Amino acid sequence: RSIRDYTEDPVALEHLALILWAAYGITEPRLGFRAVPSAGATYPLEVYVVVGTRGVVSSVGAYLEPGVYKYDAHRHSLKLVKEGDYRRELAEAALGQPWVEEAPVSIVVFAVFERTTRVYGERGRVRYVPMEVGHLGQNVYLVATALGYGCVVVGAFYDDRVKAVAGAGAGEEPMYIIPIGVPARRHYVAFEDVWNYITSKRTGA
């Protein structure tokens, strides 16, 4: 489910690491394949993380410095791009959506279209790269939920302002903002409820 309301609790560093690995990490070291299918293994995406003040905590209780980080999949590490808490600026770039500012962490996904279009042409831009972004987003949803967090994919934003907030590199175009945090309210549906729904539709009840 898309979750937009979060507590003030931080995200655990080891959980953020697992979410990032599931989003775009290396899963086949011999060939460098990643956690999502990519047309021709062109891997056009770049993943940034906007961390708020006291937004990410380590197992020893130390907080990750607020800032904008870039995920290095091959080293499975974060590289600091900009120091400071940029959640408000990111929310303003996202048309003022409050959950972007309130979440302790937001993953921001960019695409370098040329990596894919040089192989597949315009079809890479309109079909293959957006498909890959969707694969990444679903992985984030599944792993974040499994770890007890909630998230929501955001596509409404001013591209140039998101690029400026993230300090994005040349040719990187924003595709997704994904706020992540501990849900203020848990969403739970039992399998029994789903089965009751299905049987009611089958019987016309």
# chains A, B, ... in the order shown; residues from 1 in each chain; ligands from 1
$ select_by_dssp --residues "range 43-145 of chain A" --states "strand (DSSP E)" --output "PyMOL selection string"
chain A and resi 45-51+56-57+67-72+77-83+105-111
$ residues_around --residues "range 53-62 of chain A" --least-positions-apart "5" --cutoff "12 Å" --atoms "only C-alpha atoms" --output "ChimeraX atom specification"
/A:6-17,67-68,83-88,101-106,179-182
$ closest_atom_pairs --of "range 33-105 of chain A" --to "range 128-150 of chain A" --cutoff "10 Å" --atoms "only C-alpha atoms" --output "tab-separated table"
residue	atom	partner	partner_atom	distance
A:Ala35	CA	A:Leu136	CA	7.9
A:Val36	CA	A:His135	CA	6.0
A:Pro37	CA	A:Glu132	CA	6.7
A:Ser38	CA	A:Glu132	CA	6.0
A:Ala39	CA	A:Tyr128	CA	6.2
A:Gly40	CA	A:Tyr128	CA	9.7
A:Thr42	CA	A:Val129	CA	9.5
A:Tyr43	CA	A:Glu132	CA	8.4
A:Pro44	CA	A:Val129	CA	7.0
A:Leu45	CA	A:Val133	CA	7.6
A:Val47	CA	A:Leu136	CA	10.0
A:Ala103	CA	A:Gly150	CA	9.6
$ write_last_selection --atoms "all heavy atoms" --output "PDB file, in the first residue's frame"
ATOM      1  N   ALA A  35      19.281  -5.886  -9.231  1.00  0.00           N
ATOM      2  CA  ALA A  35      18.064  -6.439  -8.633  1.00  0.00           C
ATOM      3  C   ALA A  35      16.818  -6.202  -9.483  1.00  0.00           C
ATOM      4  O   ALA A  35      15.736  -6.625  -9.097  1.00  0.00           O
ATOM      5  CB  ALA A  35      17.852  -5.849  -7.243  1.00  0.00           C
ATOM      6  N   VAL A  36      16.959  -5.499 -10.600  1.00  0.00           N
ATOM      7  CA  VAL A  36      15.822  -5.288 -11.498  1.00  0.00           C
ATOM      8  C   VAL A  36      16.218  -5.679 -12.915  1.00  0.00           C
ATOM      9  O   VAL A  36      17.392  -5.573 -13.297  1.00  0.00           O
ATOM     10  CB  VAL A  36      15.341  -3.818 -11.492  1.00  0.00           C
ATOM     11  CG1 VAL A  36      14.891  -3.407 -10.108  1.00  0.00           C
ATOM     12  CG2 VAL A  36      16.428  -2.883 -11.989  1.00  0.00           C
ATOM     13  N   PRO A  37      15.251  -6.131 -13.722  1.00  0.00           N
ATOM     14  CA  PRO A  37      15.545  -6.367 -15.129  1.00  0.00           C
ATOM     15  C   PRO A  37      15.779  -5.051 -15.848  1.00  0.00           C
ATOM     16  O   PRO A  37      15.132  -4.049 -15.557  1.00  0.00           O
ATOM     17  CB  PRO A  37      14.279  -7.073 -15.638  1.00  0.00           C
ATOM     18  CG  PRO A  37      13.200  -6.695 -14.692  1.00  0.00           C
ATOM     19  CD  PRO A  37      13.863  -6.476 -13.364  1.00  0.00           C
ATOM     20  N   SER A  38      16.734  -5.058 -16.775  1.00  0.00           N
ATOM     21  CA  SER A  38      17.082  -3.848 -17.515  1.00  0.00           C
ATOM     22  C   SER A  38      17.283  -4.221 -18.981  1.00  0.00           C
ATOM     23  O   SER A  38      17.995  -5.190 -19.285  1.00  0.00           O
ATOM     24  CB  SER A  38      18.372  -3.237 -16.957  1.00  0.00           C
ATOM     25  OG  SER A  38      18.729  -2.070 -17.667  1.00  0.00           O
ATOM     26  N   ALA A  39      16.677  -3.483 -19.886  1.00  0.00           N
ATOM     27  CA  ALA A  39      16.801  -3.773 -21.315  1.00  0.00           C
ATOM     28  C   ALA A  39      18.268  -3.759 -21.718  1.00  0.00           C
ATOM     29  O   ALA A  39      18.957  -2.737 -21.583  1.00  0.00           O
ATOM     30  CB  ALA A  39      16.022  -2.744 -22.129  1.00  0.00           C
ATOM     31  N   GLY A  40      18.751  -4.904 -22.179  1.00  0.00           N
ATOM     32  CA  GLY A  40      20.139  -4.996 -22.604  1.00  0.00           C
ATOM     33  C   GLY A  40      21.142  -4.766 -21.497  1.00  0.00           C
ATOM     34  O   GLY A  40      22.318  -4.491 -21.771  1.00  0.00           O
ATOM     35  N   THR A  42      21.488  -2.267 -19.699  1.00  0.00           N
ATOM     36  CA  THR A  42      22.044  -0.914 -19.868  1.00  0.00           C
ATOM     37  C   THR A  42      22.015  -0.117 -18.568  1.00  0.00           C
ATOM     38  O   THR A  42      22.723   0.880 -18.440  1.00  0.00           O
ATOM     39  CB  THR A  42      21.275  -0.153 -20.951  1.00  0.00           C
ATOM     40  OG1 THR A  42      19.852  -0.225 -20.696  1.00  0.00           O
ATOM     41  CG2 THR A  42      21.553  -0.745 -22.332  1.00  0.00           C
ATOM     42  N   TYR A  43      21.169  -0.491 -17.633  1.00  0.00           N
ATOM     43  CA  TYR A  43      21.098   0.115 -16.292  1.00  0.00           C
ATOM     44  C   TYR A  43      21.187   1.641 -16.340  1.00  0.00           C
ATOM     45  O   TYR A  43      22.182   2.238 -15.920  1.00  0.00           O
ATOM     46  CB  TYR A  43      22.174  -0.479 -15.386  1.00  0.00           C
ATOM     47  CG  TYR A  43      21.996  -1.960 -15.206  1.00  0.00           C
ATOM     48  CD1 TYR A  43      22.942  -2.864 -15.687  1.00  0.00           C
ATOM     49  CD2 TYR A  43      20.847  -2.468 -14.599  1.00  0.00           C
ATOM     50  CE1 TYR A  43      22.755  -4.239 -15.552  1.00  0.00           C
ATOM     51  CE2 TYR A  43      20.653  -3.840 -14.459  1.00  0.00           C
ATOM     52  CZ  TYR A  43      21.607  -4.718 -14.935  1.00  0.00           C
ATOM     53  OH  TYR A  43      21.416  -6.080 -14.816  1.00  0.00           O
ATOM     54  N   PRO A  44      20.125   2.287 -16.785  1.00  0.00           N
ATOM     55  CA  PRO A  44      20.148   3.743 -16.944  1.00  0.00           C
ATOM     56  C   PRO A  44      19.873   4.542 -15.674  1.00  0.00           C
ATOM     57  O   PRO A  44      19.936   5.771 -15.703  1.00  0.00           O
ATOM     58  CB  PRO A  44      19.016   3.974 -17.951  1.00  0.00           C
ATOM     59  CG  PRO A  44      18.031   2.888 -17.626  1.00  0.00           C
ATOM     60  CD  PRO A  44      18.881   1.693 -17.289  1.00  0.00           C
ATOM     61  N   LEU A  45      19.568   3.876 -14.563  1.00  0.00           N
ATOM     62  CA  LEU A  45      19.103   4.599 -13.384  1.00  0.00           C
ATOM     63  C   LEU A  45      20.240   4.956 -12.434  1.00  0.00           C
ATOM     64  O   LEU A  45      21.245   4.257 -12.350  1.00  0.00           O
ATOM     65  CB  LEU A  45      18.044   3.778 -12.645  1.00  0.00           C
ATOM     66  CG  LEU A  45      16.862   3.296 -13.500  1.00  0.00           C
ATOM     67  CD1 LEU A  45      15.848   2.580 -12.631  1.00  0.00           C
ATOM     68  CD2 LEU A  45      16.223   4.448 -14.250  1.00  0.00           C
ATOM     69  N   VAL A  47      20.499   6.334  -8.269  1.00  0.00           N
ATOM     70  CA  VAL A  47      19.689   6.397  -7.056  1.00  0.00           C
ATOM     71  C   VAL A  47      20.345   7.332  -6.039  1.00  0.00           C
ATOM     72  O   VAL A  47      21.506   7.145  -5.657  1.00  0.00           O
ATOM     73  CB  VAL A  47      19.508   4.999  -6.441  1.00  0.00           C
ATOM     74  CG1 VAL A  47      18.695   5.073  -5.150  1.00  0.00           C
ATOM     75  CG2 VAL A  47      18.826   4.059  -7.447  1.00  0.00           C
ATOM     76  N   ALA A 103       8.740  12.475   5.875  1.00  0.00           N
ATOM     77  CA  ALA A 103       9.438  11.186   5.905  1.00  0.00           C
ATOM     78  C   ALA A 103      10.896  11.399   6.297  1.00  0.00           C
ATOM     79  O   ALA A 103      11.529  12.380   5.882  1.00  0.00           O
ATOM     80  CB  ALA A 103       9.364  10.507   4.545  1.00  0.00           C
TER      81      ALA A 103
END
$ residues_around --residues "Pro29 in chain A" --least-positions-apart "4" --cutoff "9 Å" --atoms "only C-alpha atoms" --output "list in words"
Phe33, Arg34 and His74 of chain A
$ write_last_selection --atoms "C-alpha atoms" --output "compact mmCIF listing (two decimals), in the first residue's frame"
# COMPACT_ATOMS: atom_id res chain seq x y z
CA PHE A 33 23.50 -7.77 -13.00
CA ARG A 34 21.25 -5.88 -10.61
CA HIS A 74 29.12 -1.79 -7.01
$ residues_around --residues "Val154 in chain A" --least-positions-apart "4" --cutoff "8 Å" --atoms "only C-alpha atoms" --output "PyMOL selection string"
chain A and resi 94+176-178
$ atom_distance --atom1 "CA of Glu89 in chain A" --atom2 "CA of Ala22 in chain A"
26.8 Å
$ closest_residue --among "A:Ile19, A:Tyr63, A:Glu172, A:Gly25" --to "Glu114 in chain A" --atoms "only C-alpha atoms"
A:Glu172
$ closest_residue --among "A:Phe191, A:Phe110, A:Leu80, A:Arg202" --to "Asp160 in chain A" --atoms "only C-alpha atoms"
A:Phe110
$ atom_distance --atom1 "CA of Ile107 in chain A" --atom2 "CA of Leu95 in chain A"
16.8 Å
$ residues_around --residues "His187 in chain A" --least-positions-apart "2" --cutoff "8 Å" --atoms "only C-alpha atoms" --output "list in words"
Arg1, Arg185 and Val189 of chain A
$ closest_residue --among "A:Met175, A:Leu20, A:Ala190, A:Val108" --to "Ala91 in chain A" --atoms "only C-alpha atoms"
A:Val108
$ residues_around --residues "Tyr71 in chain A" --least-positions-apart "4" --cutoff "8 Å" --atoms "only C-alpha atoms" --output "ChimeraX atom specification"
/A:20,46-49,76-79
$ write_last_selection --atoms "C-alpha atoms" --output "compact mmCIF listing (two decimals), in the first residue's frame"
# COMPACT_ATOMS: atom_id res chain seq x y z
CA LEU A 20 18.83 0.22 -1.58
CA GLU A 46 20.92 6.50 -10.64
CA VAL A 47 19.69 6.40 -7.06
CA TYR A 48 20.01 9.27 -4.59
CA VAL A 49 18.93 9.36 -0.94
CA HIS A 76 27.16 -0.93 -1.90
CA SER A 77 27.86 2.39 -0.26
CA LEU A 78 26.59 5.94 -0.04
CA LYS A 79 28.60 8.91 -1.28
$ decode --residues "range 162-185 of chain A" --atoms "N, CA, C and O atoms" --output "mmCIF file, in the first residue's frame"
data_model
loop_
_atom_site.group_PDB
_atom_site.id
_atom_site.type_symbol
_atom_site.label_atom_id
_atom_site.label_comp_id
_atom_site.auth_asym_id
_atom_site.auth_seq_id
_atom_site.Cartn_x
_atom_site.Cartn_y
_atom_site.Cartn_z
ATOM 1 N N VAL A 162 14.018 19.430 -8.571
ATOM 2 C CA VAL A 162 14.478 18.177 -7.967
ATOM 3 C C VAL A 162 15.941 17.942 -8.302
ATOM 4 O O VAL A 162 16.740 17.523 -7.438
ATOM 5 N N LYS A 163 16.325 18.193 -9.538
ATOM 6 C CA LYS A 163 17.721 18.041 -9.940
ATOM 7 C C LYS A 163 18.626 18.949 -9.113
ATOM 8 O O LYS A 163 19.717 18.541 -8.682
ATOM 9 N N ALA A 164 18.177 20.171 -8.865
ATOM 10 C CA ALA A 164 18.982 21.115 -8.088
ATOM 11 C C ALA A 164 19.109 20.677 -6.637
ATOM 12 O O ALA A 164 20.189 20.753 -6.038
ATOM 13 N N VAL A 165 18.010 20.208 -6.053
ATOM 14 C CA VAL A 165 18.045 19.753 -4.662
ATOM 15 C C VAL A 165 19.004 18.576 -4.506
ATOM 16 O O VAL A 165 19.798 18.525 -3.558
ATOM 17 N N ALA A 166 18.945 17.644 -5.436
ATOM 18 C CA ALA A 166 19.772 16.444 -5.330
ATOM 19 C C ALA A 166 21.216 16.684 -5.742
ATOM 20 O O ALA A 166 22.092 15.885 -5.408
ATOM 21 N N GLY A 167 21.472 17.757 -6.463
ATOM 22 C CA GLY A 167 22.808 17.947 -7.017
ATOM 23 C C GLY A 167 23.106 16.902 -8.082
ATOM 24 O O GLY A 167 24.217 16.376 -8.158
ATOM 25 N N ALA A 168 22.095 16.620 -8.905
ATOM 26 C CA ALA A 168 22.195 15.543 -9.885
ATOM 27 C C ALA A 168 23.251 15.860 -10.940
ATOM 28 O O ALA A 168 23.540 17.021 -11.252
ATOM 29 N N GLY A 169 23.807 14.795 -11.508
ATOM 30 C CA GLY A 169 24.832 14.930 -12.521
ATOM 31 C C GLY A 169 24.247 15.231 -13.894
ATOM 32 O O GLY A 169 23.034 15.193 -14.105
ATOM 33 N N ALA A 170 25.133 15.514 -14.833
ATOM 34 C CA ALA A 170 24.728 15.838 -16.200
ATOM 35 C C ALA A 170 23.988 14.664 -16.820
ATOM 36 O O ALA A 170 24.390 13.506 -16.687
ATOM 37 N N GLY A 171 22.866 14.969 -17.462
ATOM 38 C CA GLY A 171 22.092 13.944 -18.143
ATOM 39 C C GLY A 171 21.183 13.131 -17.257
ATOM 40 O O GLY A 171 20.468 12.254 -17.752
ATOM 41 N N GLU A 172 21.164 13.397 -15.952
ATOM 42 C CA GLU A 172 20.307 12.652 -15.031
ATOM 43 C C GLU A 172 18.953 13.358 -14.903
ATOM 44 O O GLU A 172 18.897 14.524 -14.504
ATOM 45 N N GLU A 173 17.875 12.647 -15.240
ATOM 46 C CA GLU A 173 16.539 13.221 -15.212
ATOM 47 C C GLU A 173 15.713 12.534 -14.130
ATOM 48 O O GLU A 173 15.662 11.299 -14.074
ATOM 49 N N PRO A 174 15.027 13.311 -13.268
ATOM 50 C CA PRO A 174 14.283 12.691 -12.156
ATOM 51 C C PRO A 174 13.057 11.932 -12.636
ATOM 52 O O PRO A 174 12.332 12.384 -13.530
ATOM 53 N N MET A 175 12.825 10.771 -12.017
ATOM 54 C CA MET A 175 11.705 9.903 -12.380
ATOM 55 C C MET A 175 10.768 9.633 -11.205
ATOM 56 O O MET A 175 9.563 9.567 -11.380
ATOM 57 N N TYR A 176 11.309 9.439 -10.035
ATOM 58 C CA TYR A 176 10.545 9.055 -8.846
ATOM 59 C C TYR A 176 11.139 9.730 -7.623
ATOM 60 O O TYR A 176 12.370 9.839 -7.498
ATOM 61 N N ILE A 177 10.269 10.126 -6.707
ATOM 62 C CA ILE A 177 10.651 10.402 -5.320
ATOM 63 C C ILE A 177 9.899 9.369 -4.481
ATOM 64 O O ILE A 177 8.688 9.198 -4.655
ATOM 65 N N ILE A 178 10.604 8.681 -3.589
ATOM 66 C CA ILE A 178 9.962 7.648 -2.772
ATOM 67 C C ILE A 178 10.235 7.922 -1.294
ATOM 68 O O ILE A 178 11.259 7.494 -0.749
ATOM 69 N N PRO A 179 9.345 8.658 -0.608
ATOM 70 C CA PRO A 179 9.490 8.836 0.837
ATOM 71 C C PRO A 179 9.307 7.501 1.554
ATOM 72 O O PRO A 179 8.459 6.690 1.177
ATOM 73 N N ILE A 180 10.105 7.301 2.617
ATOM 74 C CA ILE A 180 10.059 6.055 3.389
ATOM 75 C C ILE A 180 10.092 6.403 4.875
ATOM 76 O O ILE A 180 10.897 7.236 5.306
ATOM 77 N N GLY A 181 9.233 5.751 5.656
ATOM 78 C CA GLY A 181 9.237 5.963 7.094
ATOM 79 C C GLY A 181 8.413 4.911 7.807
ATOM 80 O O GLY A 181 7.796 4.045 7.177
ATOM 81 N N VAL A 182 8.410 4.977 9.124
ATOM 82 C CA VAL A 182 7.586 4.075 9.935
ATOM 83 C C VAL A 182 6.141 4.560 9.848
ATOM 84 O O VAL A 182 5.861 5.728 10.124
ATOM 85 N N PRO A 183 5.212 3.709 9.428
ATOM 86 C CA PRO A 183 3.824 4.154 9.256
ATOM 87 C C PRO A 183 3.204 4.647 10.564
ATOM 88 O O PRO A 183 3.387 4.039 11.613
ATOM 89 N N ALA A 184 2.468 5.740 10.469
ATOM 90 C CA ALA A 184 1.736 6.228 11.634
ATOM 91 C C ALA A 184 0.608 5.264 11.992
ATOM 92 O O ALA A 184 0.240 5.119 13.156
ATOM 93 N N ARG A 185 0.055 4.609 10.973
ATOM 94 C CA ARG A 185 -0.989 3.595 11.171
ATOM 95 C C ARG A 185 -0.650 2.393 10.296
ATOM 96 O O ARG A 185 -0.347 2.545 9.114
#
